[in-house]
>>> print(open('input.cif').read())   # mmCIF, C-alpha atoms; chains and numbers go by the auth columns
data_target
#
loop_
_atom_site.group_PDB
_atom_site.id
_atom_site.type_symbol
_atom_site.label_atom_id
_atom_site.label_comp_id
_atom_site.label_asym_id
_atom_site.label_seq_id
_atom_site.Cartn_x
_atom_site.Cartn_y
_atom_site.Cartn_z
_atom_site.B_iso_or_equiv
_atom_site.auth_seq_id
_atom_site.auth_asym_id
ATOM 1 C CA MET A 1 -6.563 21.166 -9.634 0.00 463 F
ATOM 2 C CA ASP A 2 -7.289 21.426 -5.933 0.00 464 F
ATOM 3 C CA PRO A 3 -7.137 18.029 -4.245 0.00 465 F
ATOM 4 C CA ALA A 4 -10.430 16.606 -3.083 0.00 466 F
ATOM 5 C CA ALA A 5 -11.068 16.243 0.616 0.00 467 F
ATOM 6 C CA GLY A 6 -10.466 12.937 2.359 0.00 468 F
ATOM 7 C CA ASP A 7 -7.703 10.560 3.357 0.00 469 F
ATOM 8 C CA VAL A 8 -6.800 9.494 -0.177 0.00 470 F
ATOM 9 C CA PRO A 9 -7.437 12.538 -2.368 0.00 471 F
ATOM 10 C CA ILE A 10 -4.667 12.405 -4.930 0.00 472 F
ATOM 11 C CA ALA A 11 -6.043 9.850 -7.391 0.00 473 F
ATOM 12 C CA ARG A 12 -9.269 11.833 -7.549 0.00 474 F
ATOM 13 C CA ALA A 13 -7.478 15.069 -8.427 0.00 475 F
ATOM 14 C CA THR A 14 -7.326 15.715 -12.197 0.00 476 F
ATOM 15 C CA PRO A 15 -3.701 15.904 -13.363 0.00 477 F
ATOM 16 C CA PRO A 16 -2.925 18.536 -16.044 0.00 478 F
ATOM 17 C CA PHE A 17 -1.590 15.980 -18.533 0.00 479 F
ATOM 18 C CA GLY A 18 -1.521 18.557 -21.307 0.00 480 F
ATOM 19 C CA ALA A 19 0.896 20.842 -19.444 0.00 481 F
ATOM 20 C CA GLY A 20 4.632 20.997 -20.169 0.00 482 F
ATOM 21 C CA ASP A 21 7.035 18.890 -18.127 0.00 483 F
ATOM 22 C CA ALA A 22 8.064 21.730 -15.798 0.00 484 F
ATOM 23 C CA ALA A 23 4.474 22.817 -15.178 0.00 485 F
ATOM 24 C CA TYR A 24 3.358 19.252 -14.547 0.00 486 F
ATOM 25 C CA GLU A 25 6.168 18.620 -12.089 0.00 487 F
ATOM 26 C CA GLY A 26 5.258 21.843 -10.296 0.00 488 F
ATOM 27 C CA TRP A 27 1.691 20.581 -9.958 0.00 489 F
ATOM 28 C CA ALA A 28 2.945 17.171 -8.777 0.00 490 F
ATOM 29 C CA ARG A 29 5.150 18.822 -6.167 0.00 491 F
ATOM 30 C CA VAL A 30 2.100 20.527 -4.651 0.00 492 F
ATOM 31 C CA GLU A 31 0.198 17.227 -4.676 0.00 493 F
ATOM 32 C CA VAL A 32 3.059 15.444 -2.915 0.00 494 F
ATOM 33 C CA ALA A 33 3.242 18.184 -0.284 0.00 495 F
ATOM 34 C CA HIS A 34 -0.487 17.818 0.350 0.00 496 F
ATOM 35 C CA TRP A 35 -0.141 14.029 0.536 0.00 497 F
ATOM 36 C CA ARG A 36 2.785 14.362 2.970 0.00 498 F
ATOM 37 C CA ALA A 37 0.675 16.550 5.251 0.00 499 F
ATOM 38 C CA GLN A 38 -2.113 13.938 5.182 0.00 500 F
ATOM 39 C CA VAL A 39 0.290 11.097 5.956 0.00 501 F
ATOM 40 C CA LEU A 40 1.908 12.922 8.875 0.00 502 F
ATOM 41 C CA LYS A 41 -1.351 14.210 10.352 0.00 503 F
ATOM 42 C CA PRO A 42 -1.487 13.186 14.040 0.00 504 F
ATOM 43 C CA PRO A 43 -4.109 10.626 15.029 0.00 505 F
ATOM 44 C CA ASN A 44 -7.471 12.124 15.945 0.00 506 F
ATOM 45 C CA ALA A 45 -9.808 10.997 18.726 0.00 507 F
ATOM 46 C CA LEU A 46 -11.492 8.399 16.514 0.00 508 F
ATOM 47 C CA ASP A 47 -8.117 6.971 15.466 0.00 509 F
ATOM 48 C CA ARG A 48 -7.026 6.685 19.094 0.00 510 F
ATOM 49 C CA ALA A 49 -10.288 5.057 20.136 0.00 511 F
ATOM 50 C CA ALA A 50 -10.106 2.483 17.337 0.00 512 F
ATOM 51 C CA ARG A 51 -6.475 1.819 18.178 0.00 513 F
ATOM 52 C CA GLY A 52 -7.377 1.274 21.818 0.00 514 F
ATOM 53 C CA VAL A 53 -10.086 -1.238 20.946 0.00 515 F
ATOM 54 C CA GLN A 54 -7.763 -3.096 18.599 0.00 516 F
ATOM 55 C CA GLY A 55 -5.058 -3.122 21.264 0.00 517 F
ATOM 56 C CA ARG A 56 -7.410 -4.726 23.778 0.00 518 F
ATOM 57 C CA ILE A 57 -8.378 -7.344 21.219 0.00 519 F
ATOM 58 C CA ASN A 58 -4.718 -8.074 20.519 0.00 520 F
ATOM 59 C CA ARG A 59 -4.004 -8.563 24.227 0.00 521 F
ATOM 60 C CA ILE A 60 -6.760 -11.163 24.455 0.00 522 F
ATOM 61 C CA ILE A 61 -5.349 -13.166 21.539 0.00 523 F
ATOM 62 C CA PRO A 62 -2.761 -15.733 22.780 0.00 524 F
ATOM 63 C CA GLU A 63 0.875 -15.060 21.941 0.00 525 F
ATOM 64 C CA GLN A 64 1.067 -18.338 20.015 0.00 526 F
ATOM 65 C CA VAL A 65 -1.603 -17.020 17.651 0.00 527 F
ATOM 66 C CA HIS A 66 0.275 -13.759 17.084 0.00 528 F
ATOM 67 C CA ALA A 67 3.450 -15.723 16.371 0.00 529 F
ATOM 68 C CA ALA A 68 1.645 -18.042 13.968 0.00 530 F
ATOM 69 C CA VAL A 69 0.019 -15.157 12.064 0.00 531 F
ATOM 70 C CA THR A 70 3.357 -13.345 11.840 0.00 532 F
ATOM 71 C CA THR A 71 5.011 -16.462 10.414 0.00 533 F
ATOM 72 C CA VAL A 72 2.240 -17.026 7.852 0.00 534 F
ATOM 73 C CA ILE A 73 2.276 -13.405 6.633 0.00 535 F
ATOM 74 C CA GLU A 74 6.081 -13.346 6.531 0.00 536 F
ATOM 75 C CA ARG A 75 6.266 -16.504 4.438 0.00 537 F
ATOM 76 C CA MET A 76 3.430 -15.425 2.190 0.00 538 F
ATOM 77 C CA THR A 77 4.929 -11.983 1.620 0.00 539 F
ATOM 78 C CA ARG A 78 8.430 -13.376 1.009 0.00 540 F
ATOM 79 C CA THR A 79 6.989 -15.783 -1.565 0.00 541 F
ATOM 80 C CA ILE A 80 5.042 -13.053 -3.323 0.00 542 F
ATOM 81 C CA LEU A 81 8.003 -10.686 -3.324 0.00 543 F
ATOM 82 C CA THR A 82 10.176 -13.412 -4.821 0.00 544 F
ATOM 83 C CA GLY A 83 7.811 -14.220 -7.667 0.00 545 F
ATOM 84 C CA ALA A 84 5.601 -11.189 -8.280 0.00 546 F
ATOM 85 C CA ASP A 85 8.010 -9.613 -10.772 0.00 547 F
ATOM 86 C CA LEU A 86 8.021 -12.608 -13.139 0.00 548 F
ATOM 87 C CA THR A 87 5.327 -11.009 -15.318 0.00 549 F
ATOM 88 C CA THR A 88 6.236 -7.380 -14.617 0.00 550 F
ATOM 89 C CA ALA A 89 7.329 -5.257 -17.563 0.00 551 F
ATOM 90 C CA PRO A 90 10.892 -3.885 -17.590 0.00 552 F
ATOM 91 C CA PRO A 91 11.438 -0.411 -16.108 0.00 553 F
ATOM 92 C CA LEU A 92 9.962 2.371 -18.227 0.00 554 F
ATOM 93 C CA ILE A 93 12.799 4.593 -19.430 0.00 555 F
ATOM 94 C CA GLY A 94 12.871 8.032 -21.025 0.00 556 F
ATOM 95 C CA VAL A 95 9.278 9.002 -20.231 0.00 557 F
ATOM 96 C CA SER A 96 7.975 12.125 -18.476 0.00 558 F
ATOM 97 C CA LEU A 97 6.397 12.101 -15.032 0.00 559 F
ATOM 98 C CA ALA A 98 3.046 13.023 -16.589 0.00 560 F
ATOM 99 C CA GLU A 99 3.112 9.951 -18.831 0.00 561 F
ATOM 100 C CA ARG A 100 4.126 7.737 -15.918 0.00 562 F
ATOM 101 C CA ASP A 101 1.244 9.104 -13.846 0.00 563 F
ATOM 102 C CA ARG A 102 -1.198 8.547 -16.722 0.00 564 F
ATOM 103 C CA ARG A 103 -0.156 4.911 -17.094 0.00 565 F
ATOM 104 C CA ALA A 104 -0.149 4.416 -13.339 0.00 566 F
ATOM 105 C CA ARG A 105 -3.745 5.629 -13.069 0.00 567 F
ATOM 106 C CA GLU A 106 -4.771 3.165 -15.783 0.00 568 F
ATOM 107 C CA ALA A 107 -3.031 0.324 -13.949 0.00 569 F
ATOM 108 C CA ILE A 108 -4.635 1.257 -10.619 0.00 570 F
ATOM 109 C CA ASP A 109 -8.078 1.361 -12.219 0.00 571 F
ATOM 110 C CA ALA A 110 -7.591 -2.120 -13.698 0.00 572 F
ATOM 111 C CA TYR A 111 -6.405 -3.566 -10.389 0.00 573 F
ATOM 112 C CA ARG A 112 -9.263 -1.924 -8.496 0.00 574 F
ATOM 113 C CA LYS A 113 -11.756 -3.622 -10.793 0.00 575 F
ATOM 114 C CA THR A 114 -10.023 -6.985 -10.398 0.00 576 F
ATOM 115 C CA ALA A 115 -9.959 -6.648 -6.607 0.00 577 F
ATOM 116 C CA ALA A 116 -13.618 -5.583 -6.503 0.00 578 F
ATOM 117 C CA VAL A 117 -14.715 -8.636 -8.496 0.00 579 F
ATOM 118 C CA GLU A 118 -12.606 -10.927 -6.319 0.00 580 F
ATOM 119 C CA GLY A 119 -13.975 -9.346 -3.139 0.00 581 F
ATOM 120 C CA GLY A 120 -17.554 -9.608 -4.348 0.00 582 F
ATOM 121 C CA VAL A 121 -17.199 -13.296 -5.190 0.00 583 F
ATOM 122 C CA ALA A 122 -15.515 -13.999 -1.850 0.00 584 F
ATOM 123 C CA GLY A 123 -18.151 -12.029 0.059 0.00 585 F
ATOM 124 C CA ALA A 124 -20.947 -13.961 -1.619 0.00 586 F
ATOM 125 C CA GLY A 125 -19.340 -17.283 -0.716 0.00 587 F
ATOM 126 C CA GLY A 126 -19.579 -17.049 3.049 0.00 588 F
ATOM 127 C CA PHE A 127 -16.980 -17.488 5.748 0.00 589 F
ATOM 128 C CA TRP A 128 -14.463 -19.766 4.033 0.00 590 F
ATOM 129 C CA LEU A 129 -14.320 -17.866 0.762 0.00 591 F
ATOM 130 C CA ALA A 130 -13.999 -14.615 2.721 0.00 592 F
ATOM 131 C CA LEU A 131 -10.989 -16.104 4.484 0.00 593 F
ATOM 132 C CA ALA A 132 -9.527 -17.104 1.115 0.00 594 F
ATOM 133 C CA ASP A 133 -9.838 -13.456 0.040 0.00 595 F
ATOM 134 C CA PHE A 134 -7.024 -12.485 2.428 0.00 596 F
ATOM 135 C CA PRO A 135 -4.101 -14.095 0.524 0.00 597 F
ATOM 136 C CA ALA A 136 -5.704 -13.423 -2.878 0.00 598 F
ATOM 137 C CA LEU A 137 -6.013 -9.713 -2.119 0.00 599 F
ATOM 138 C CA LEU A 138 -2.449 -9.617 -0.811 0.00 600 F
ATOM 139 C CA VAL A 139 -1.201 -11.001 -4.143 0.00 601 F
ATOM 140 C CA ILE A 140 -3.195 -8.392 -6.088 0.00 602 F
ATOM 141 C CA LYS A 141 -1.828 -5.559 -3.945 0.00 603 F
ATOM 142 C CA VAL A 142 1.812 -6.608 -4.226 0.00 604 F
ATOM 143 C CA LYS A 143 1.513 -7.203 -7.977 0.00 605 F
ATOM 144 C CA LEU A 144 0.131 -3.676 -8.399 0.00 606 F
ATOM 145 C CA LEU A 145 3.130 -2.297 -6.521 0.00 607 F
ATOM 146 C CA PHE A 146 5.533 -4.224 -8.751 0.00 608 F
ATOM 147 C CA ASP A 147 3.835 -2.863 -11.871 0.00 609 F
ATOM 148 C CA LEU A 148 3.936 0.706 -10.544 0.00 610 F
ATOM 149 C CA SER A 149 7.611 0.306 -9.649 0.00 611 F
ATOM 150 C CA ALA A 150 8.337 -0.522 -13.301 0.00 612 F
ATOM 151 C CA LEU A 151 6.173 2.333 -14.585 0.00 613 F
ATOM 152 C CA TYR A 152 8.186 4.815 -12.532 0.00 614 F
ATOM 153 C CA GLY A 153 11.465 3.423 -13.878 0.00 615 F
ATOM 154 C CA HIS A 154 12.639 1.183 -11.039 0.00 616 F
ATOM 155 C CA GLU A 155 13.945 -2.382 -11.214 0.00 617 F
ATOM 156 C CA ALA A 156 11.774 -4.470 -8.907 0.00 618 F
ATOM 157 C CA ASP A 157 14.245 -7.361 -8.949 0.00 619 F
ATOM 158 C CA ARG A 158 16.631 -5.260 -6.834 0.00 620 F
ATOM 159 C CA PHE A 159 16.322 -5.998 -3.131 0.00 621 F
ATOM 160 C CA ASP A 160 16.275 -2.327 -2.130 0.00 622 F
ATOM 161 C CA GLU A 161 13.332 -1.790 -4.484 0.00 623 F
ATOM 162 C CA ARG A 162 11.483 -4.650 -2.823 0.00 624 F
ATOM 163 C CA LEU A 163 12.097 -2.994 0.523 0.00 625 F
ATOM 164 C CA TYR A 164 10.629 0.202 -0.921 0.00 626 F
ATOM 165 C CA ILE A 165 7.583 -1.758 -2.090 0.00 627 F
ATOM 166 C CA LEU A 166 7.137 -3.189 1.411 0.00 628 F
ATOM 167 C CA ALA A 167 7.443 0.307 2.877 0.00 629 F
ATOM 168 C CA LEU A 168 4.762 1.652 0.518 0.00 630 F
ATOM 169 C CA PHE A 169 2.528 -1.236 1.544 0.00 631 F
ATOM 170 C CA GLN A 170 3.033 -0.387 5.221 0.00 632 F
ATOM 171 C CA LEU A 171 2.464 3.301 4.552 0.00 633 F
ATOM 172 C CA ALA A 172 -0.910 2.550 2.972 0.00 634 F
ATOM 173 C CA PHE A 173 -2.104 0.114 5.635 0.00 635 F
ATOM 174 C CA SER A 174 -0.832 1.310 9.011 0.00 636 F
ATOM 175 C CA GLY A 175 -2.093 3.401 11.882 0.00 637 F
ATOM 176 C CA ALA A 176 -1.166 7.089 12.080 0.00 638 F
ATOM 177 C CA GLU A 177 1.769 6.694 14.477 0.00 639 F
ATOM 178 C CA HIS A 178 3.500 3.897 12.572 0.00 640 F
ATOM 179 C CA ARG A 179 2.654 5.537 9.248 0.00 641 F
ATOM 180 C CA ALA A 180 4.700 8.610 10.164 0.00 642 F
ATOM 181 C CA ALA A 181 7.735 6.477 11.031 0.00 643 F
ATOM 182 C CA VAL A 182 7.474 4.602 7.733 0.00 644 F
ATOM 183 C CA PHE A 183 7.142 7.835 5.759 0.00 645 F
ATOM 184 C CA HIS A 184 10.298 9.322 7.260 0.00 646 F
ATOM 185 C CA GLY A 185 12.100 6.141 6.235 0.00 647 F
ATOM 186 C CA LEU A 186 11.077 6.781 2.600 0.00 648 F
ATOM 187 C CA GLU A 187 12.324 10.368 2.481 0.00 649 F
ATOM 188 C CA GLY A 188 15.727 10.562 0.830 0.00 650 F
ATOM 189 C CA TRP A 189 15.536 6.859 -0.046 0.00 651 F
ATOM 190 C CA ASP A 190 17.930 6.946 -3.001 0.00 652 F
ATOM 191 C CA GLY A 191 20.627 8.724 -1.014 0.00 653 F
ATOM 192 C CA ARG A 192 20.923 6.061 1.710 0.00 654 F
ATOM 193 C CA GLN A 193 22.237 2.523 2.114 0.00 655 F
ATOM 194 C CA HIS A 194 19.697 -0.262 2.628 0.00 656 F
ATOM 195 C CA PRO A 195 19.827 -3.781 4.092 0.00 657 F
ATOM 196 C CA ALA A 196 20.810 -6.615 1.774 0.00 658 F
ATOM 197 C CA ASP A 197 18.267 -9.092 3.153 0.00 659 F
ATOM 198 C CA PHE A 198 15.115 -9.420 5.292 0.00 660 F
ATOM 199 C CA GLU A 199 17.022 -10.475 8.425 0.00 661 F
ATOM 200 C CA HIS A 200 16.222 -7.333 10.411 0.00 662 F
ATOM 201 C CA PHE A 201 12.800 -6.568 8.917 0.00 663 F
ATOM 202 C CA ASP A 202 10.119 -6.190 11.598 0.00 664 F
ATOM 203 C CA TRP A 203 7.556 -8.729 10.366 0.00 665 F
ATOM 204 C CA ARG A 204 5.614 -8.607 13.627 0.00 666 F
ATOM 205 C CA THR A 205 4.824 -4.923 13.240 0.00 667 F
ATOM 206 C CA PHE A 206 4.174 -5.374 9.524 0.00 668 F
ATOM 207 C CA GLN A 207 1.509 -8.034 10.053 0.00 669 F
ATOM 208 C CA ARG A 208 -0.051 -6.336 13.092 0.00 670 F
ATOM 209 C CA GLU A 209 -0.463 -2.975 11.380 0.00 671 F
ATOM 210 C CA TYR A 210 -1.847 -4.548 8.217 0.00 672 F
ATOM 211 C CA ARG A 211 -4.231 -6.827 10.079 0.00 673 F
ATOM 212 C CA ASP A 212 -5.438 -4.066 12.404 0.00 674 F
ATOM 213 C CA TYR A 213 -6.035 -1.731 9.472 0.00 675 F
ATOM 214 C CA ILE A 214 -8.285 -4.088 7.510 0.00 676 F
ATOM 215 C CA ASP A 215 -9.790 -6.286 10.270 0.00 677 F
ATOM 216 C CA LEU A 216 -13.183 -4.610 10.737 0.00 678 F
ATOM 217 C CA ALA A 217 -13.782 -4.088 7.032 0.00 679 F
ATOM 218 C CA LYS A 218 -12.949 -7.684 6.160 0.00 680 F
ATOM 219 C CA LEU A 219 -15.066 -9.040 9.016 0.00 681 F
ATOM 220 C CA ALA A 220 -18.054 -7.225 7.541 0.00 682 F
ATOM 221 C CA GLN A 221 -17.413 -9.095 4.314 0.00 683 F
ATOM 222 C CA MET A 222 -18.413 -12.333 6.086 0.00 684 F
ATOM 223 C CA ILE A 223 -21.955 -11.087 6.881 0.00 685 F
ATOM 224 C CA PRO A 224 -24.566 -13.102 4.939 0.00 686 F
ATOM 225 C CA ILE A 225 -26.365 -11.384 2.022 0.00 687 F
ATOM 226 C CA VAL A 226 -24.487 -8.057 2.282 0.00 688 F
ATOM 227 C CA GLY A 227 -21.030 -9.683 2.196 0.00 689 F
ATOM 228 C CA ALA A 228 -20.719 -9.485 -1.601 0.00 690 F
ATOM 229 C CA PRO A 229 -21.272 -5.717 -2.051 0.00 691 F
ATOM 230 C CA ILE A 230 -19.230 -4.986 1.071 0.00 692 F
ATOM 231 C CA GLY A 231 -16.388 -7.181 -0.196 0.00 693 F
ATOM 232 C CA ALA A 232 -16.388 -5.476 -3.592 0.00 694 F
ATOM 233 C CA PHE A 233 -16.462 -1.972 -2.091 0.00 695 F
ATOM 234 C CA VAL A 234 -13.804 -2.666 0.555 0.00 696 F
ATOM 235 C CA ASN A 235 -11.397 -4.203 -1.944 0.00 697 F
ATOM 236 C CA TRP A 236 -11.928 -1.304 -4.367 0.00 698 F
ATOM 237 C CA ARG A 237 -11.109 1.234 -1.660 0.00 699 F
ATOM 238 C CA LEU A 238 -8.097 -0.699 -0.375 0.00 700 F
ATOM 239 C CA LEU A 239 -6.593 -0.812 -3.879 0.00 701 F
ATOM 240 C CA GLU A 240 -7.430 2.855 -4.354 0.00 702 F
ATOM 241 C CA ARG A 241 -5.598 3.756 -1.175 0.00 703 F
ATOM 242 C CA LEU A 242 -2.595 1.625 -2.102 0.00 704 F
ATOM 243 C CA GLY A 243 -2.453 3.142 -5.583 0.00 705 F
ATOM 244 C CA ASP A 244 -2.634 6.704 -4.230 0.00 706 F
ATOM 245 C CA THR A 245 0.132 5.959 -1.759 0.00 707 F
ATOM 246 C CA ALA A 246 2.388 4.349 -4.353 0.00 708 F
ATOM 247 C CA MET A 247 1.898 7.100 -6.940 0.00 709 F
ATOM 248 C CA ASN A 248 2.891 9.769 -4.479 0.00 710 F
ATOM 249 C CA GLY A 249 5.758 7.729 -3.080 0.00 711 F
ATOM 250 C CA TYR A 250 7.214 7.378 -6.564 0.00 712 F
ATOM 251 C CA ARG A 251 6.442 11.005 -7.419 0.00 713 F
ATOM 252 C CA MET A 252 8.386 12.000 -4.317 0.00 714 F
ATOM 253 C CA ARG A 253 11.419 10.006 -5.490 0.00 715 F
ATOM 254 C CA TRP A 254 11.193 11.438 -8.990 0.00 716 F
ATOM 255 C CA LEU A 255 11.044 15.029 -7.764 0.00 717 F
ATOM 256 C CA ALA A 256 13.951 14.453 -5.370 0.00 718 F
ATOM 257 C CA SER A 257 16.241 13.090 -8.093 0.00 719 F
#
>>> encode(input="input.cif", output="structure tokens")
Amino acid sequence: MDPAAGDVPIARATPPFGAGDAAYEGWARVEVAHWRAQVLKPPNALDRAARGVQGRINRIIPEQVHAAVTTVIERMTRTILTGADLTTAPPLIGVSLAERDRRAREAIDAYRKTAAVEGGVAGAGGFWLALADFPALLVIKVKLLFDLSALYGHEADRFDERLYILALFQLAFSGAEHRAAVFHGLEGWDGRQHPADFEHFDWRTFQREYRDYIDLAKLAQMIPIVGAPIGAFVNWRLLERLGDTAMNGYRMRWLAS
């Protein structure tokens, strides 16, 4: 039951589904502690170097472009968050954490396959289809988070749950420094008050962290010939990372309740 090495080890660990509820929750608590340590690990030299390069690129890009990208991502994300729960099942009630984890792993696997197919098709289609992959992949990611929210017993039509979904998204796709700040905002979530609207949400940071995280991988998807396998692999790994993050975020809430 030891977690595998790497940045996203939890989904590759083998949960003891046959154990009793108390034993399973004890195992999950260890997994969450390991995940927390990974999330809060300070940036290493490679992280800092990549961040520096991305920062220089961002300074070259005109402010009008940054503003335009922020607006597009904000509107797109608001639209998805408003409609993504229309086909989401109601919250799962009266089920153990082990059963929730089992169903979550099945859902993540299905979404990974969908994202891989979509990324492969987009990568094979050249520049314009690769660009179209950006909003399509965003929809797939948010829909996965809505489904996982329901599987762990939460009502995704509540605004505070949508904020939690956005926080999980940021946690999965942010640099080390911002990731730590987001994680601390998730701790003790159910014991705090939350905003009633998006008025004070930092969309600029949201879009910058997300874009910086996936930029290089998605650019490689536009390379002729190899774009298709790269697109499939990148999308698979991005959904894997998001699923790992969400599972542990919801495990953390369950164990704190």
>>> residues_around(input="input.cif", residues="Lys605 (chain F)", least_positions_apart="2", cutoff="9 Å", atoms="all atoms listed in the file", output="list in words")
Ile542, Leu543, Ala546, Asp547, Thr550, Leu600, Val601, Ile602, Lys603, Leu607, Phe608, Asp609 and Leu610 of chain F
>>> write_last_selection(input="input.cif", atoms="C-alpha atoms", output="short mmCIF file (atom, residue, chain, number, x, y, z; two decimals), in the frame of the given file")
data_model
loop_
_atom_site.label_atom_id
_atom_site.label_comp_id
_atom_site.auth_asym_id
_atom_site.auth_seq_id
_atom_site.Cartn_x
_atom_site.Cartn_y
_atom_site.Cartn_z
CA ILE F 542 5.04 -13.05 -3.32
CA LEU F 543 8.00 -10.69 -3.32
CA ALA F 546 5.60 -11.19 -8.28
CA ASP F 547 8.01 -9.61 -10.77
CA THR F 550 6.24 -7.38 -14.62
CA LEU F 600 -2.45 -9.62 -0.81
CA VAL F 601 -1.20 -11.00 -4.14
CA ILE F 602 -3.20 -8.39 -6.09
CA LYS F 603 -1.83 -5.56 -3.94
CA LEU F 607 3.13 -2.30 -6.52
CA PHE F 608 5.53 -4.22 -8.75
CA ASP F 609 3.84 -2.86 -11.87
CA LEU F 610 3.94 0.71 -10.54
#
>>> closest_atom_pairs(input="input.cif", of="region 629-650 of chain F", to="region 498-504 of chain F", cutoff="8 Å", atoms="all atoms listed in the file", output="Markdown table")
| residue | atom | partner | partner_atom | distance |
| --- | --- | --- | --- | --- |
| F:Ala638 | CA | F:Pro504 | CA | 6.4 |
| F:Glu639 | CA | F:Pro504 | CA | 7.3 |
| F:Arg641 | CA | F:Val501 | CA | 6.9 |
| F:Ala642 | CA | F:Leu502 | CA | 5.3 |
| F:Phe645 | CA | F:Val501 | CA | 7.6 |
>>> residues_around(input="input.cif", residues="Ala484 (chain F)", least_positions_apart="6", cutoff="10 Å", atoms="all atoms listed in the file", output="list in words")
Ala490, Ser558 and Leu559 of chain F
>>> write_last_selection(input="input.cif", atoms="C-alpha atoms", output="PDB file, in the coordinates of the input")
ATOM      1  CA  ALA F 490       2.945  17.171  -8.777  1.00  0.00           C
ATOM      2  CA  SER F 558       7.975  12.125 -18.476  1.00  0.00           C
ATOM      3  CA  LEU F 559       6.397  12.101 -15.032  1.00  0.00           C
TER       4      LEU F 559
END
>>> atom_distance(input="input.cif", atom1="CA of Glu702 (chain F)", atom2="CA of Tyr573 (chain F)")
8.9 Å
>>> atom_distance(input="input.cif", atom1="CA of Arg703 (chain F)", atom2="CA of Phe635 (chain F)")
8.5 Å
>>> residues_around(input="input.cif", residues="region 617-632 of chain F", least_positions_apart="5", cutoff="8 Å", atoms="only C-alpha atoms", output="PyMOL selection string")
chain F and resi 543+547+552-553+604+607-608+611-612+641+644+648+656-659+668+671-672+704+707-708+711
>>> write_last_selection(input="input.cif", atoms="C-alpha atoms", output="PDB file, keeping the file's coordinate frame")
ATOM      1  CA  LEU F 543       8.003 -10.686  -3.324  1.00  0.00           C
ATOM      2  CA  ASP F 547       8.010  -9.613 -10.772  1.00  0.00           C
ATOM      3  CA  PRO F 552      10.892  -3.885 -17.590  1.00  0.00           C
ATOM      4  CA  PRO F 553      11.438  -0.411 -16.108  1.00  0.00           C
ATOM      5  CA  VAL F 604       1.812  -6.608  -4.226  1.00  0.00           C
ATOM      6  CA  LEU F 607       3.130  -2.297  -6.521  1.00  0.00           C
ATOM      7  CA  PHE F 608       5.533  -4.224  -8.751  1.00  0.00           C
ATOM      8  CA  SER F 611       7.611   0.306  -9.649  1.00  0.00           C
ATOM      9  CA  ALA F 612       8.337  -0.522 -13.301  1.00  0.00           C
ATOM     10  CA  ARG F 641       2.654   5.537   9.248  1.00  0.00           C
ATOM     11  CA  VAL F 644       7.474   4.602   7.733  1.00  0.00           C
ATOM     12  CA  LEU F 648      11.077   6.781   2.600  1.00  0.00           C
ATOM     13  CA  HIS F 656      19.697  -0.262   2.628  1.00  0.00           C
ATOM     14  CA  PRO F 657      19.827  -3.781   4.092  1.00  0.00           C
ATOM     15  CA  ALA F 658      20.810  -6.615   1.774  1.00  0.00           C
ATOM     16  CA  ASP F 659      18.267  -9.092   3.153  1.00  0.00           C
ATOM     17  CA  PHE F 668       4.174  -5.374   9.524  1.00  0.00           C
ATOM     18  CA  GLU F 671      -0.463  -2.975  11.380  1.00  0.00           C
ATOM     19  CA  TYR F 672      -1.847  -4.548   8.217  1.00  0.00           C
ATOM     20  CA  LEU F 704      -2.595   1.625  -2.102  1.00  0.00           C
ATOM     21  CA  THR F 707       0.132   5.959  -1.759  1.00  0.00           C
ATOM     22  CA  ALA F 708       2.388   4.349  -4.353  1.00  0.00           C
ATOM     23  CA  GLY F 711       5.758   7.729  -3.080  1.00  0.00           C
TER      24      GLY F 711
END
>>> resolve_selection(input="input.cif", expression="the PyMOL selection byres ((chain F and resi 669) around 10)", output="MDAnalysis selection string")
chainID F and resid 528 531:536 539 632 635:636 664:668 670:675
>>> atom_distance(input="input.cif", atom1="CA of Trp698 (chain F)", atom2="CA of Tyr614 (chain F)")
22.6 Å
>>> closest_residue(input="input.cif", among="F:Met538, F:Ala643, F:Val492, F:Leu613", to="Ala598 (chain F)", atoms="all atoms listed in the file")
F:Met538
>>> residues_around(input="input.cif", residues="Glu568 (chain F)", least_positions_apart="2", cutoff="12 Å", atoms="only C-alpha atoms", output="PyMOL selection string")
chain F and resi 473+561-566+570-575+606+609-610+613+702+705+709
>>> closest_residue(input="input.cif", among="F:Asp652, F:Asn710, F:Val696, F:Arg715", to="Ala577 (chain F)", atoms="all atoms listed in the file")
F:Val696
>>> residues_near_point(input="input.cif", point="(18.2, 15.8, -4.2)", cutoff="8 Å", atoms="all atoms listed in the file", output="PyMOL selection string")
chain F and resi 650+718-719
>>> write_last_selection(input="input.cif", atoms="C-alpha atoms", output="PDB file, in the frame of the given file")
ATOM      1  CA  GLY F 650      15.727  10.562   0.830  1.00  0.00           C
ATOM      2  CA  ALA F 718      13.951  14.453  -5.370  1.00  0.00           C
ATOM      3  CA  SER F 719      16.241  13.090  -8.093  1.00  0.00           C
TER       4      SER F 719
END
